[in-house]
Amino acid sequence: MSHFYHSTRNGSDVVTSKQAILQGLAPDGGLFVTDALGERKLDLGRVAGQDFHANARMVLGELLDDYSAEELSESVAAAYGAQWDTPAVTPVTQLGDSWLLELYHGPTCAFKDVALQMLPQLMSRARKGDGRNVMIVTATSGDTGKAALDGFADVEGTGVCVFYPWGKVSDIQHLQMVTQKGYNVAVCGIRGNFDDAQTEVKQIFADEPLAERLAARNVVLSSANSINVGRLAPQVTYYFDAYAQLVRSGAVGLGAPVEFCVPTGNFGDVLAGYFAKCLGLPVARLIVASNANNVLTDFITTGTYDRRRPFVKTISPSMDILVSSNLERLLYYASDGDCELVASLMADLADKGCYTVPAALKARIGETFSCGFADDGRTRATIRSAWEDQHKLVDPHTAVALSVSADQPAAGVPRVCLSTASPYKFCSDVLGALGVDTSGMNGFACMDALAHLTGTEAPRQLSSLRESELLHDDVCDTDRMPGFVESVCARVFL
Ligand SMILES: *Cc1c(COP(=O)(O)O)cnc(C)c1O
C-alpha cells in the first residue's frame with residue numbers, strides 16, 4: 001500500500017484513504033492529498049479495452065489502495081448499476097467538431113451522481129473498520145441534496161439528513177427531495193435562505209454536547225462535501241473512460257493527446273481531470289469554464305485569487321461560487337507539495353479575502369490550465385445556437401463550457417466538453433433561452449412545453465415525479481435543526 005493521505009497544510013500526520021474519507025476535512029482545515037499520485041501510471045491500452053465498471057475499479061484501486069479488490073468491485077457494481085439510464089454510464093457523443101461527455105444519466109440527472117452514488121459505498125465499507133454509524137448532514141440550495149439523498153438511501157451503517165430553504169428551490173428540485181424513499185433518509189425545509197441553513201449546519205458540526213450524546217449512540221456526524229477524497233476519486237474515472245470511448249470509436253489514436261473543457265464551481269470536476277493527467281492520461285490542456293462569478297478566470301490569468309467581489313446569481317447556479325475549495329489541492333501539487341506555502345496562502349484568503357501565488361507557481365498552473373467565462377447572455381445564446389444549429393439541447397452549465405470552448409483556439413487536438421446536467425433539470429431557463437415566456441408556468445408545465453417545442457423527451461427520473469408519493473413534509477425554524485438531526489439519528493440508528 002502506498003497511498004497515504006495527509007493535509008495540504010501539513011505533511012506529517014498521515015491517514016489511510018478510508019480514514020480520509022470518513023474524516024472529510026483534515027483537522028487543520030486542509031484537504032487530504034497523497035504524495036503517491038502519479039508515481040504509477042495506468043496502462044492506457046488496458047483502459048481503452050475496458051468498460052466503465054472496469055475503469056472505475058482500476059482508477060479507484062490506484063487512488064484508494066487500502067480498499068480490497070472485492071470491496072471496490074462491490075462498490076462499483078452498487079454505484080453504477082441499473083439506476084443509470086445507460087449501461088455506458090457516462091457516454092461520449094459528438095457535437096459539431098468536438099465531443100460531449102454526458103455526465104447526467106444518473107438517478108438525479110446531474111453529474112454529482114457519479115461521485116455521490118459512490119461515496120456512500122466507500123463510507124459504508126470504511127466505517128466497518130471502526131464500527132460507528134455515520135449520519136450525513138447537509139444544507140442544499142437544490143442539486144446536491146437530492147444527489148446525496150439518493151446515494152445514501154438504504155446504505156448500511158449510514159443515514160442522511162438534508163435541509164433546504166423552504167419555498168426557495170424549484171418545483172422539480174422540491175419534488176425530487178420530498179419524494180425520496182429509504183429507511184435512513186430525512187428531508188426538512190427551513191424558514192430562511194440557503195446561507196441560514198448552511199450556517200446552522202456548521203454549528204451542528206461544532207456542537208460538542210450533541211456530538212457526545214450521539215457518540216453514546218455510536219453515531220458520528222459527517223458531510224458529503226465535494227472536498228471529500230471519496231467524491232474526488234470517482235470523478236477521475238470518466239476522464240479515462242471518455243478517452244477509452246474515443247479510442248474505440250477511432251477519434252483518437254492510442255496515446256494521442258486530448259483536451260477537456262470543464263464547467264467549474266468548486267474546482268472538483270476539473271481537478272479530477274488533473275488527477276487523470278497525473279495518472280498518465282494524455283491531457284494536453286484543461287480549460288476552466290466559469291460563469292459571471294469568474295474568480296478562477298482572474299486567478300489563472302493573473303495569479304491573484306480575490307474573492308472580494310459581488311456574488312452574481314446566474315442561470316448556472318451550481319457554479320455560483322466565490323471560494324473554489326478544491327483549488328487548494330492544485331496549489332499543493334503545482335508547488336511540488338509545499339505545505340507551508342499552501343497554509344500561508346489559505347491564511348491570506350481567510351484574513352484578507354485574497355492571495356497571490358509566486359510567479360513560478362502561476363506559470364506551472366498555466367502549463368496545463370486555460371480559462372474563460374461566459375455571462376448569462378452568452379450562455380443563453382449558446383443554448384439557442386446549440387439547439388438551432390446542431391439540434392442538441394444543453395443545460396445552462398454545459399452551455400457555459402460550450403461558450404468558453406468556442407473562444408479557445410483549436411490546438412489540433414480533439415476536445416471534450418463536460419456536460420454536467422440534463423436540460424430538463426433547468427426547463428424554465430432553457431425555455432427562456434429558446435425564446436419562450438414561462439411566467440406563470442410550474443415545473444411540469446415547463447417540462448411539457450420543452451418536450452413539445454423540441455420533440456425530445458424528459459428523462460424518466462424527472463417525469464416520474466408526477467406519480468411519486470410525497471413522503472416528507474417537515475418544515476422548521478433554523479433553531480430546531482439540531483433537534484431534528486438528533487431525532488433522525490434516534491430513529492435510524494436504534
Ligand atoms: C456542481 C456542478 C458543477 C460544478 O462542479 P465543481 O466540481 O463544483 O466544479 C457544474 N455543473 C453542475 C450541473 C453541477 O451540479
# chains A, B, ... in the order shown; residues from 1 in each chain; ligands from 1

$ closest_atom_pairs --of "chain A" --to "ligand 1" --cutoff "6 Å" --atoms "only C-alpha atoms and all ligand atoms" --output "Markdown table"
| residue | atom | partner | partner_atom_place_in_ligand_line | distance |
| --- | --- | --- | --- | --- |
| A:Ala110 | CA | ligand 1 | 13 (C) | 5.5 |
| A:Lys112 | CA | ligand 1 | 15 (O) | 5.8 |
| A:Pro263 | CA | ligand 1 | 10 (C) | 5.3 |
| A:Thr264 | CA | ligand 1 | 9 (O) | 3.6 |
| A:Gly265 | CA | ligand 1 | 9 (O) | 3.7 |
| A:Asn266 | CA | ligand 1 | 8 (O) | 3.5 |
| A:Phe267 | CA | ligand 1 | 9 (O) | 3.9 |
| A:Gly268 | CA | ligand 1 | 7 (O) | 3.5 |
| A:Asp269 | CA | ligand 1 | 7 (O) | 3.9 |
| A:Ser318 | CA | ligand 1 | 2 (C) | 4.7 |
| A:Met319 | CA | ligand 1 | 4 (C) | 5.2 |
| A:His397 | CA | ligand 1 | 11 (N) | 5.0 |
| A:Thr420 | CA | ligand 1 | 13 (C) | 4.5 |
| A:Ala421 | CA | ligand 1 | 13 (C) | 4.5 |

$ write_last_selection --atoms "all heavy atoms" --output "CSV table (one decimal), in the first residue's frame"
chain,number,residue,atom,x,y,z
A,110,ALA,N,-27.8,14.8,-12.7
A,110,ALA,CA,-26.7,15.8,-12.7
A,110,ALA,C,-25.4,15.0,-12.4
A,110,ALA,O,-25.4,13.9,-11.9
A,110,ALA,CB,-26.9,16.8,-11.6
A,112,LYS,N,-23.2,15.2,-10.3
A,112,LYS,CA,-22.9,14.9,-8.9
A,112,LYS,C,-23.2,13.4,-8.6
A,112,LYS,O,-22.6,12.9,-7.6
A,112,LYS,CB,-23.5,15.9,-8.0
A,112,LYS,CG,-22.9,17.3,-8.1
A,112,LYS,CD,-23.2,18.2,-7.0
A,112,LYS,CE,-22.4,19.5,-7.1
A,112,LYS,NZ,-22.6,20.2,-8.4
A,263,PRO,N,-17.0,22.9,-17.0
A,263,PRO,CA,-17.8,24.0,-16.3
A,263,PRO,C,-17.5,23.8,-14.8
A,263,PRO,O,-17.6,22.7,-14.3
A,263,PRO,CB,-19.2,23.7,-16.6
A,263,PRO,CG,-19.3,22.2,-17.0
A,263,PRO,CD,-17.9,21.8,-17.5
A,264,THR,N,-17.1,24.9,-14.2
A,264,THR,CA,-16.4,24.8,-12.9
A,264,THR,C,-17.1,25.7,-11.8
A,264,THR,O,-17.4,26.8,-12.1
A,264,THR,CB,-15.0,25.1,-13.0
A,264,THR,OG1,-14.4,24.3,-14.0
A,264,THR,CG2,-14.2,24.9,-11.7
A,265,GLY,N,-17.2,25.1,-10.6
A,265,GLY,CA,-17.7,25.9,-9.5
A,265,GLY,C,-16.6,25.8,-8.3
A,265,GLY,O,-15.8,26.6,-8.1
A,266,ASN,N,-16.7,24.6,-7.7
A,266,ASN,CA,-15.8,24.3,-6.6
A,266,ASN,C,-14.5,23.7,-7.0
A,266,ASN,O,-13.6,23.4,-6.2
A,266,ASN,CB,-16.5,23.4,-5.6
A,266,ASN,CG,-16.2,23.7,-4.2
A,266,ASN,OD1,-15.6,24.7,-3.9
A,266,ASN,ND2,-16.6,22.8,-3.3
A,267,PHE,N,-14.2,23.6,-8.3
A,267,PHE,CA,-13.0,23.1,-8.9
A,267,PHE,C,-12.8,21.6,-8.6
A,267,PHE,O,-11.7,21.1,-8.8
A,267,PHE,CB,-11.7,23.9,-8.3
A,267,PHE,CG,-10.6,23.9,-9.2
A,267,PHE,CD1,-10.5,24.8,-10.3
A,267,PHE,CD2,-9.4,23.2,-9.0
A,267,PHE,CE1,-9.5,24.8,-11.2
A,267,PHE,CE2,-8.3,23.2,-9.8
A,267,PHE,CZ,-8.3,24.0,-10.9
A,268,GLY,N,-13.8,20.9,-8.3
A,268,GLY,CA,-13.7,19.5,-8.1
A,268,GLY,C,-13.6,18.7,-9.4
A,268,GLY,O,-12.7,17.8,-9.5
A,269,ASP,N,-14.5,19.0,-10.3
A,269,ASP,CA,-14.6,18.3,-11.5
A,269,ASP,C,-13.3,18.4,-12.3
A,269,ASP,O,-12.7,17.4,-12.8
A,269,ASP,CB,-15.8,18.8,-12.3
A,269,ASP,CG,-16.3,17.8,-13.3
A,269,ASP,OD1,-15.7,16.8,-13.5
A,269,ASP,OD2,-17.3,18.1,-14.0
A,318,SER,N,-25.2,26.0,-9.9
A,318,SER,CA,-24.3,25.1,-9.2
A,318,SER,C,-22.8,25.6,-9.4
A,318,SER,O,-21.9,25.0,-8.9
A,318,SER,CB,-24.4,23.7,-9.8
A,318,SER,OG,-25.7,23.3,-9.5
A,319,MET,N,-22.7,26.7,-10.2
A,319,MET,CA,-21.3,27.3,-10.4
A,319,MET,C,-21.2,28.6,-9.8
A,319,MET,O,-20.3,29.4,-10.0
A,319,MET,CB,-21.0,27.3,-11.9
A,319,MET,CG,-20.9,25.9,-12.5
A,319,MET,SD,-21.1,26.0,-14.3
A,319,MET,CE,-19.8,27.0,-14.8
A,397,HIS,N,-25.3,24.9,-17.5
A,397,HIS,CA,-23.9,24.7,-17.0
A,397,HIS,C,-23.1,24.2,-18.2
A,397,HIS,O,-21.9,24.6,-18.4
A,397,HIS,CB,-23.9,23.7,-15.9
A,397,HIS,CG,-24.7,24.1,-14.7
A,397,HIS,ND1,-26.1,23.9,-14.7
A,397,HIS,CD2,-24.4,24.6,-13.5
A,397,HIS,CE1,-26.6,24.4,-13.5
A,397,HIS,NE2,-25.5,24.8,-12.8
A,420,THR,N,-22.8,18.6,-17.7
A,420,THR,CA,-23.0,18.2,-16.3
A,420,THR,C,-24.4,18.1,-15.8
A,420,THR,O,-24.6,17.6,-14.7
A,420,THR,CB,-22.2,19.2,-15.4
A,420,THR,OG1,-22.6,20.6,-15.8
A,420,THR,CG2,-20.7,19.1,-15.5
A,421,ALA,N,-25.4,18.5,-16.6
A,421,ALA,CA,-26.8,18.3,-16.1
A,421,ALA,C,-27.7,18.1,-17.3
A,421,ALA,O,-27.4,18.6,-18.4
A,421,ALA,CB,-27.3,19.5,-15.3

$ residues_around --residues "Val247 in chain A" --least-positions-apart "5" --cutoff "12 Å" --atoms "only C-alpha atoms" --output "list in words"
Leu44, Gly45, Arg46, Val47, Ala48, Gly49, Gln50, Val92, Phe240, Asp241, Ala242, Val252, Gly253, Leu254, Gly255, Ala256, Pro257, Val258 and Pro414 of chain A

$ write_last_selection --atoms "N, CA and C atoms" --output "mmCIF file, in the first residue's frame"
data_model
loop_
_atom_site.group_PDB
_atom_site.id
_atom_site.type_symbol
_atom_site.label_atom_id
_atom_site.label_comp_id
_atom_site.auth_asym_id
_atom_site.auth_seq_id
_atom_site.Cartn_x
_atom_site.Cartn_y
_atom_site.Cartn_z
ATOM 1 N N LEU A 44 -2.726 2.565 -20.544
ATOM 2 C CA LEU A 44 -3.752 3.106 -21.447
ATOM 3 C C LEU A 44 -4.348 2.053 -22.366
ATOM 4 N N GLY A 45 -3.522 1.109 -22.794
ATOM 5 C CA GLY A 45 -4.019 0.050 -23.664
ATOM 6 C C GLY A 45 -5.108 -0.735 -22.960
ATOM 7 N N ARG A 46 -4.871 -0.978 -21.669
ATOM 8 C CA ARG A 46 -5.870 -1.710 -20.896
ATOM 9 C C ARG A 46 -7.127 -0.863 -20.708
ATOM 10 N N VAL A 47 -6.925 0.415 -20.383
ATOM 11 C CA VAL A 47 -8.055 1.338 -20.200
ATOM 12 C C VAL A 47 -8.951 1.330 -21.435
ATOM 13 N N ALA A 48 -8.317 1.402 -22.609
ATOM 14 C CA ALA A 48 -9.084 1.542 -23.852
ATOM 15 C C ALA A 48 -9.933 0.307 -24.136
ATOM 16 N N GLY A 49 -9.509 -0.844 -23.611
ATOM 17 C CA GLY A 49 -10.250 -2.071 -23.885
ATOM 18 C C GLY A 49 -11.323 -2.375 -22.849
ATOM 19 N N GLN A 50 -11.486 -1.501 -21.860
ATOM 20 C CA GLN A 50 -12.377 -1.824 -20.734
ATOM 21 C C GLN A 50 -13.636 -0.980 -20.722
ATOM 22 N N VAL A 92 -19.972 9.342 -24.387
ATOM 23 C CA VAL A 92 -19.442 10.471 -25.152
ATOM 24 C C VAL A 92 -20.216 10.547 -26.469
ATOM 25 N N PHE A 240 -10.779 8.912 -17.902
ATOM 26 C CA PHE A 240 -10.181 7.737 -18.554
ATOM 27 C C PHE A 240 -11.194 7.047 -19.456
ATOM 28 N N ASP A 241 -12.434 6.922 -18.945
ATOM 29 C CA ASP A 241 -13.421 6.190 -19.723
ATOM 30 C C ASP A 241 -13.795 6.948 -21.002
ATOM 31 N N ALA A 242 -13.826 8.273 -20.946
ATOM 32 C CA ALA A 242 -14.107 9.062 -22.154
ATOM 33 C C ALA A 242 -13.011 8.811 -23.188
ATOM 34 N N VAL A 252 -9.488 9.066 -31.678
ATOM 35 C CA VAL A 252 -8.172 9.354 -31.108
ATOM 36 C C VAL A 252 -7.314 8.098 -31.219
ATOM 37 N N GLY A 253 -6.065 8.275 -31.625
ATOM 38 C CA GLY A 253 -5.145 7.142 -31.627
ATOM 39 C C GLY A 253 -4.653 6.882 -30.209
ATOM 40 N N LEU A 254 -4.413 5.634 -29.876
ATOM 41 C CA LEU A 254 -3.974 5.299 -28.517
ATOM 42 C C LEU A 254 -2.697 6.071 -28.185
ATOM 43 N N GLY A 255 -2.746 6.842 -27.102
ATOM 44 C CA GLY A 255 -1.589 7.625 -26.675
ATOM 45 C C GLY A 255 -1.602 9.066 -27.166
ATOM 46 N N ALA A 256 -2.471 9.383 -28.140
ATOM 47 C CA ALA A 256 -2.537 10.756 -28.657
ATOM 48 C C ALA A 256 -3.250 11.660 -27.648
ATOM 49 N N PRO A 257 -2.879 12.964 -27.633
ATOM 50 C CA PRO A 257 -3.448 13.860 -26.612
ATOM 51 C C PRO A 257 -4.882 14.302 -26.908
ATOM 52 N N VAL A 258 -5.616 14.647 -25.832
ATOM 53 C CA VAL A 258 -6.945 15.256 -25.939
ATOM 54 C C VAL A 258 -6.984 16.437 -24.976
ATOM 55 N N PRO A 414 -8.307 16.702 -30.297
ATOM 56 C CA PRO A 414 -9.736 16.519 -30.015
ATOM 57 C C PRO A 414 -10.117 17.143 -28.667
#

$ residues_around --residues "Tyr5 in chain A" --least-positions-apart "4" --cutoff "9 Å" --atoms "only C-alpha atoms" --output "MDAnalysis selection string"
chainID A and resid 11 13:17 19:20 32:36

$ residues_around --residues "Ser403 in chain A" --least-positions-apart "4" --cutoff "9 Å" --atoms "only C-alpha atoms" --output "MDAnalysis selection string"
chainID A and resid 289 372:374 378:379 381:382 398:399 407

$ residues_around --residues "Ser324 in chain A" --least-positions-apart "5" --cutoff "12 Å" --atoms "only C-alpha atoms" --output "PyMOL selection string"
chain A and resi 226-227+264-271+288+290+293-297+299+305-307+318-319+329-331+346+349

$ write_last_selection --atoms "N, CA, C and O atoms" --output "tab-separated table (two decimals), in the first residue's frame"
chain	number	residue	atom	x	y	z
A	226	SER	N	-17.89	18.30	-1.38
A	226	SER	CA	-17.11	17.91	-2.56
A	226	SER	C	-15.61	17.94	-2.32
A	226	SER	O	-14.84	17.61	-3.21
A	227	ILE	N	-15.16	18.33	-1.13
A	227	ILE	CA	-13.72	18.24	-0.86
A	227	ILE	C	-13.34	16.83	-0.40
A	227	ILE	O	-12.17	16.52	-0.26
A	264	THR	N	-17.07	24.91	-14.19
A	264	THR	CA	-16.44	24.79	-12.87
A	264	THR	C	-17.07	25.69	-11.83
A	264	THR	O	-17.39	26.84	-12.10
A	265	GLY	N	-17.21	25.14	-10.62
A	265	GLY	CA	-17.66	25.90	-9.45
A	265	GLY	C	-16.64	25.75	-8.35
A	265	GLY	O	-15.79	26.60	-8.10
A	266	ASN	N	-16.69	24.59	-7.70
A	266	ASN	CA	-15.80	24.33	-6.56
A	266	ASN	C	-14.46	23.75	-6.99
A	266	ASN	O	-13.65	23.38	-6.16
A	267	PHE	N	-14.22	23.63	-8.28
A	267	PHE	CA	-12.97	23.13	-8.86
A	267	PHE	C	-12.76	21.63	-8.64
A	267	PHE	O	-11.67	21.10	-8.82
A	268	GLY	N	-13.84	20.90	-8.29
A	268	GLY	CA	-13.68	19.47	-8.06
A	268	GLY	C	-13.59	18.68	-9.36
A	268	GLY	O	-12.70	17.84	-9.55
A	269	ASP	N	-14.50	18.99	-10.27
A	269	ASP	CA	-14.60	18.25	-11.51
A	269	ASP	C	-13.30	18.42	-12.34
A	269	ASP	O	-12.70	17.44	-12.80
A	270	VAL	N	-12.85	19.65	-12.49
A	270	VAL	CA	-11.67	19.88	-13.33
A	270	VAL	C	-10.40	19.38	-12.63
A	270	VAL	O	-9.46	18.90	-13.28
A	271	LEU	N	-10.38	19.39	-11.29
A	271	LEU	CA	-9.24	18.83	-10.58
A	271	LEU	C	-9.14	17.32	-10.83
A	271	LEU	O	-8.03	16.77	-10.95
A	288	VAL	N	-10.75	25.74	-17.93
A	288	VAL	CA	-11.60	26.00	-16.78
A	288	VAL	C	-12.67	27.01	-17.19
A	288	VAL	O	-12.36	28.18	-17.45
A	290	SER	N	-15.94	29.23	-16.39
A	290	SER	CA	-16.71	29.81	-15.28
A	290	SER	C	-17.88	30.62	-15.81
A	290	SER	O	-17.90	31.02	-16.98
A	293	ASN	N	-19.42	34.56	-12.11
A	293	ASN	CA	-18.58	34.52	-10.90
A	293	ASN	C	-17.19	34.02	-11.32
A	293	ASN	O	-16.81	32.89	-11.05
A	294	ASN	N	-16.45	34.91	-11.98
A	294	ASN	CA	-15.26	34.48	-12.73
A	294	ASN	C	-13.96	34.62	-11.94
A	294	ASN	O	-12.92	34.99	-12.48
A	295	VAL	N	-14.02	34.27	-10.68
A	295	VAL	CA	-12.86	34.40	-9.80
A	295	VAL	C	-11.70	33.51	-10.27
A	295	VAL	O	-10.53	33.88	-10.18
A	296	LEU	N	-12.02	32.36	-10.86
A	296	LEU	CA	-10.96	31.46	-11.33
A	296	LEU	C	-10.34	31.95	-12.64
A	296	LEU	O	-9.14	31.75	-12.87
A	297	THR	N	-11.14	32.58	-13.48
A	297	THR	CA	-10.59	33.15	-14.73
A	297	THR	C	-9.51	34.18	-14.36
A	297	THR	O	-8.41	34.18	-14.93
A	299	PHE	N	-7.87	34.37	-11.54
A	299	PHE	CA	-6.73	33.73	-10.86
A	299	PHE	C	-5.76	33.11	-11.87
A	299	PHE	O	-4.55	33.33	-11.81
A	305	TYR	N	-5.85	35.44	-6.51
A	305	TYR	CA	-7.20	34.94	-6.22
A	305	TYR	C	-7.85	35.98	-5.31
A	305	TYR	O	-7.33	36.26	-4.24
A	306	ASP	N	-8.97	36.54	-5.74
A	306	ASP	CA	-9.60	37.61	-4.95
A	306	ASP	C	-11.10	37.38	-4.87
A	306	ASP	O	-11.83	37.59	-5.84
A	307	ARG	N	-11.53	36.96	-3.69
A	307	ARG	CA	-12.96	36.66	-3.52
A	307	ARG	C	-13.78	37.92	-3.20
A	307	ARG	O	-15.00	37.85	-3.08
A	318	SER	N	-25.23	26.04	-9.89
A	318	SER	CA	-24.28	25.14	-9.23
A	318	SER	C	-22.84	25.62	-9.41
A	318	SER	O	-21.92	25.03	-8.87
A	319	MET	N	-22.66	26.68	-10.20
A	319	MET	CA	-21.32	27.26	-10.37
A	319	MET	C	-21.24	28.65	-9.76
A	319	MET	O	-20.26	29.36	-9.98
A	329	ARG	N	-5.97	21.94	-3.49
A	329	ARG	CA	-5.22	20.74	-3.85
A	329	ARG	C	-4.30	20.99	-5.05
A	329	ARG	O	-3.18	20.49	-5.10
A	330	LEU	N	-4.76	21.79	-6.01
A	330	LEU	CA	-3.90	22.11	-7.15
A	330	LEU	C	-2.69	22.92	-6.68
A	330	LEU	O	-1.56	22.69	-7.14
A	331	LEU	N	-2.92	23.87	-5.76
A	331	LEU	CA	-1.80	24.67	-5.24
A	331	LEU	C	-0.76	23.75	-4.62
A	331	LEU	O	0.44	23.96	-4.77
A	346	MET	N	-3.72	30.13	2.21
A	346	MET	CA	-5.07	29.94	2.74
A	346	MET	C	-5.33	30.86	3.93
A	346	MET	O	-6.46	31.32	4.14
A	349	LEU	N	-6.23	34.11	2.41
A	349	LEU	CA	-7.61	34.08	1.89
A	349	LEU	C	-8.59	34.30	3.05
A	349	LEU	O	-9.55	35.07	2.91

$ select_by_dssp --residues "range 144-273 of chain A" --states "helix (DSSP H, G or I)" --output "ChimeraX atom specification"
/A:144-152,171-178,194-206,208-216,229-249,268-273

$ atom_distance --atom1 "CA of Ser124 in chain A" --atom2 "CA of Val229 in chain A"
14.4 Å
